[in-house]
Amino acid sequence: MPLLAIVYFSVSGTTETLAHAVARGAAGMAEIALCRIAGDDIVSGRFQNEGLLETIDRAGAVAFGSPTYMGGPAAQFKAFADASSDRWTQQRWANKIAGGFTTGACAGGDQLHTLTYFSILAAQHGMLWCGLDIPGGEDAAGRNRLGSQLGLATQLVDGALPQSDLSTAEYLGQRLARMAGRNG
């Protein structure tokens, strides 16, 4: 079974809830490593968690997750991305499957920019991007509610993630696990 590394930063718990939903979706199809970026991982502004990076080295697929802050991923996620540059120079993550998920305060809260950031990070590493193949607004189960094909974009409704967004996160996990299985 391929390893799916779910690398994410979460402050309020919303992004962590999405990470766990991605893991539920991939369960039984992939081994799961939940890799939360923590404040203690950042020392003097630099991400320093070699164990997390080594987990990604072993993974067949990676899901990147961060809340969208001020039109992009959180600084803590960006610190992780910057620290991955040693792997980039060696293309150690090349040909891994990658996907992403984010949440924002508003339906049009620039989540697409965060997903674009994730896809560019993956491209720099030579990874293969896996978006959603659920047409927004067309799914009978209401998945891909905000209609982003690049990855999962969500927003809270009345202070909570809608079940349709959690179902979309589970679907993203299934899709990443399936693609990693084909790629392995």
# chains A, B, ... in the order shown; residues from 1 in each chain; ligands from 1
call {"tool": "residues_around", "arguments": {"residues": "His125 in chain A", "least_positions_apart": "3", "cutoff": "12 Å", "atoms": "only C-alpha atoms", "output": "list in words"}}
result
Ile56, Asp57, Val62, Ala81, Asp82, Ser84, Ser85, Asp86, Arg87, Trp88, Thr89, Gln90, Gln91, Arg92, Trp93, Ala94, Asn95, Lys96, Ile97, Ala98, Phe118, Ser119, Ile120, Leu121, Ala122, Leu128 and Trp129 of chain A
call {"tool": "residues_around", "arguments": {"residues": "range 134-143 of chain A", "least_positions_apart": "4", "cutoff": "7 Å", "atoms": "only C-alpha atoms", "output": "list in words"}}
result
Gly147, Ser148, Ser164, Asp165, Ser167 and Thr168 of chain A
call {"tool": "write_last_selection", "arguments": {"atoms": "C-alpha atoms", "output": "tab-separated table (two decimals), in the first residue's frame"}}
result
chain	number	residue	atom	x	y	z
A	147	GLY	CA	-16.47	24.49	-7.48
A	148	SER	CA	-12.68	24.41	-7.36
A	164	SER	CA	-20.52	18.25	1.75
A	165	ASP	CA	-17.04	19.77	2.26
A	167	SER	CA	-17.31	14.45	1.96
A	168	THR	CA	-15.22	16.25	-0.65
call {"tool": "select_by_dssp", "arguments": {"residues": "range 23-181 of chain A", "states": "strand (DSSP E or B)", "output": "JSON, numbers by chain"}}
result
{"A": [27, 30, 31, 32, 33, 34, 35, 36, 42, 43, 46, 47, 61, 62, 63, 64, 65, 66, 67, 68, 69, 72, 73, 97, 98, 99, 100, 101, 102, 103, 104, 128, 129, 152, 153, 154, 155, 157, 160]}
call {"tool": "atom_distance", "arguments": {"atom1": "CA of Ala21 in chain A", "atom2": "CA of Arg46 in chain A"}}
result
28.6 Å
call {"tool": "closest_residue", "arguments": {"among": "A:Gln149, A:Ser66, A:Thr55, A:Gln155", "to": "Leu4 in chain A", "atoms": "only C-alpha atoms"}}
result
A:Thr55
call {"tool": "select_by_dssp", "arguments": {"residues": "range 82-122 of chain A", "states": "alpha helix (DSSP H)", "output": "list in words"}}
result
Asp82, Ala83, Ser85, Asp86, Arg87, Trp88, Thr89, Gln90, Gln111, Leu112, His113, Thr114, Leu115, Thr116, Tyr117, Phe118, Ser119, Ile120, Leu121 and Ala122 of chain A
call {"tool": "closest_residue", "arguments": {"among": "A:His20, A:Asn144, A:Ala177, A:Ala27", "to": "Pro162 in chain A", "atoms": "only C-alpha atoms"}}
result
A:Asn144
call {"tool": "closest_residue", "arguments": {"among": "A:Ala83, A:Leu161, A:Ile37, A:Leu176", "to": "Gly25 in chain A", "atoms": "only C-alpha atoms"}}
result
A:Leu176
call {"tool": "residues_around", "arguments": {"residues": "Thr14 in chain A", "least_positions_apart": "3", "cutoff": "10 Å", "atoms": "only C-alpha atoms", "output": "PyMOL selection string"}}
result
chain A and resi 9-11+17-19+66-67+102-104+154-156+159-161
call {"tool": "closest_atom_pairs", "arguments": {"of": "range 90-158 of chain A", "to": "range 69-75 of chain A", "cutoff": "6 Å", "atoms": "only C-alpha atoms", "output": "JSON lines"}}
result
{"residue": "A:Asp110", "atom": "CA", "partner": "A:Gly71", "partner_atom": "CA", "distance": 5.2}
{"residue": "A:His113", "atom": "CA", "partner": "A:Gly72", "partner_atom": "CA", "distance": 5.8}
{"residue": "A:Thr114", "atom": "CA", "partner": "A:Gly72", "partner_atom": "CA", "distance": 4.6}
call {"tool": "closest_residue", "arguments": {"among": "A:Ala59, A:Leu146, A:Ala30, A:Leu152", "to": "Gly99 in chain A", "atoms": "only C-alpha atoms"}}
result
A:Leu152
call {"tool": "atom_distance", "arguments": {"atom1": "CA of Arg145 in chain A", "atom2": "CA of Gly109 in chain A"}}
result
14.2 Å
call {"tool": "closest_residue", "arguments": {"among": "A:Leu53, A:Cys35, A:Ala105, A:Cys130", "to": "Glu16 in chain A", "atoms": "only C-alpha atoms"}}
result
A:Cys35
call {"tool": "closest_residue", "arguments": {"among": "A:Arg58, A:Met127, A:Ala180, A:Phe80", "to": "Ile42 in chain A", "atoms": "only C-alpha atoms"}}
result
A:Phe80
call {"tool": "atom_distance", "arguments": {"atom1": "CA of Gln174 in chain A", "atom2": "CA of Thr116 in chain A"}}
result
21.0 Å
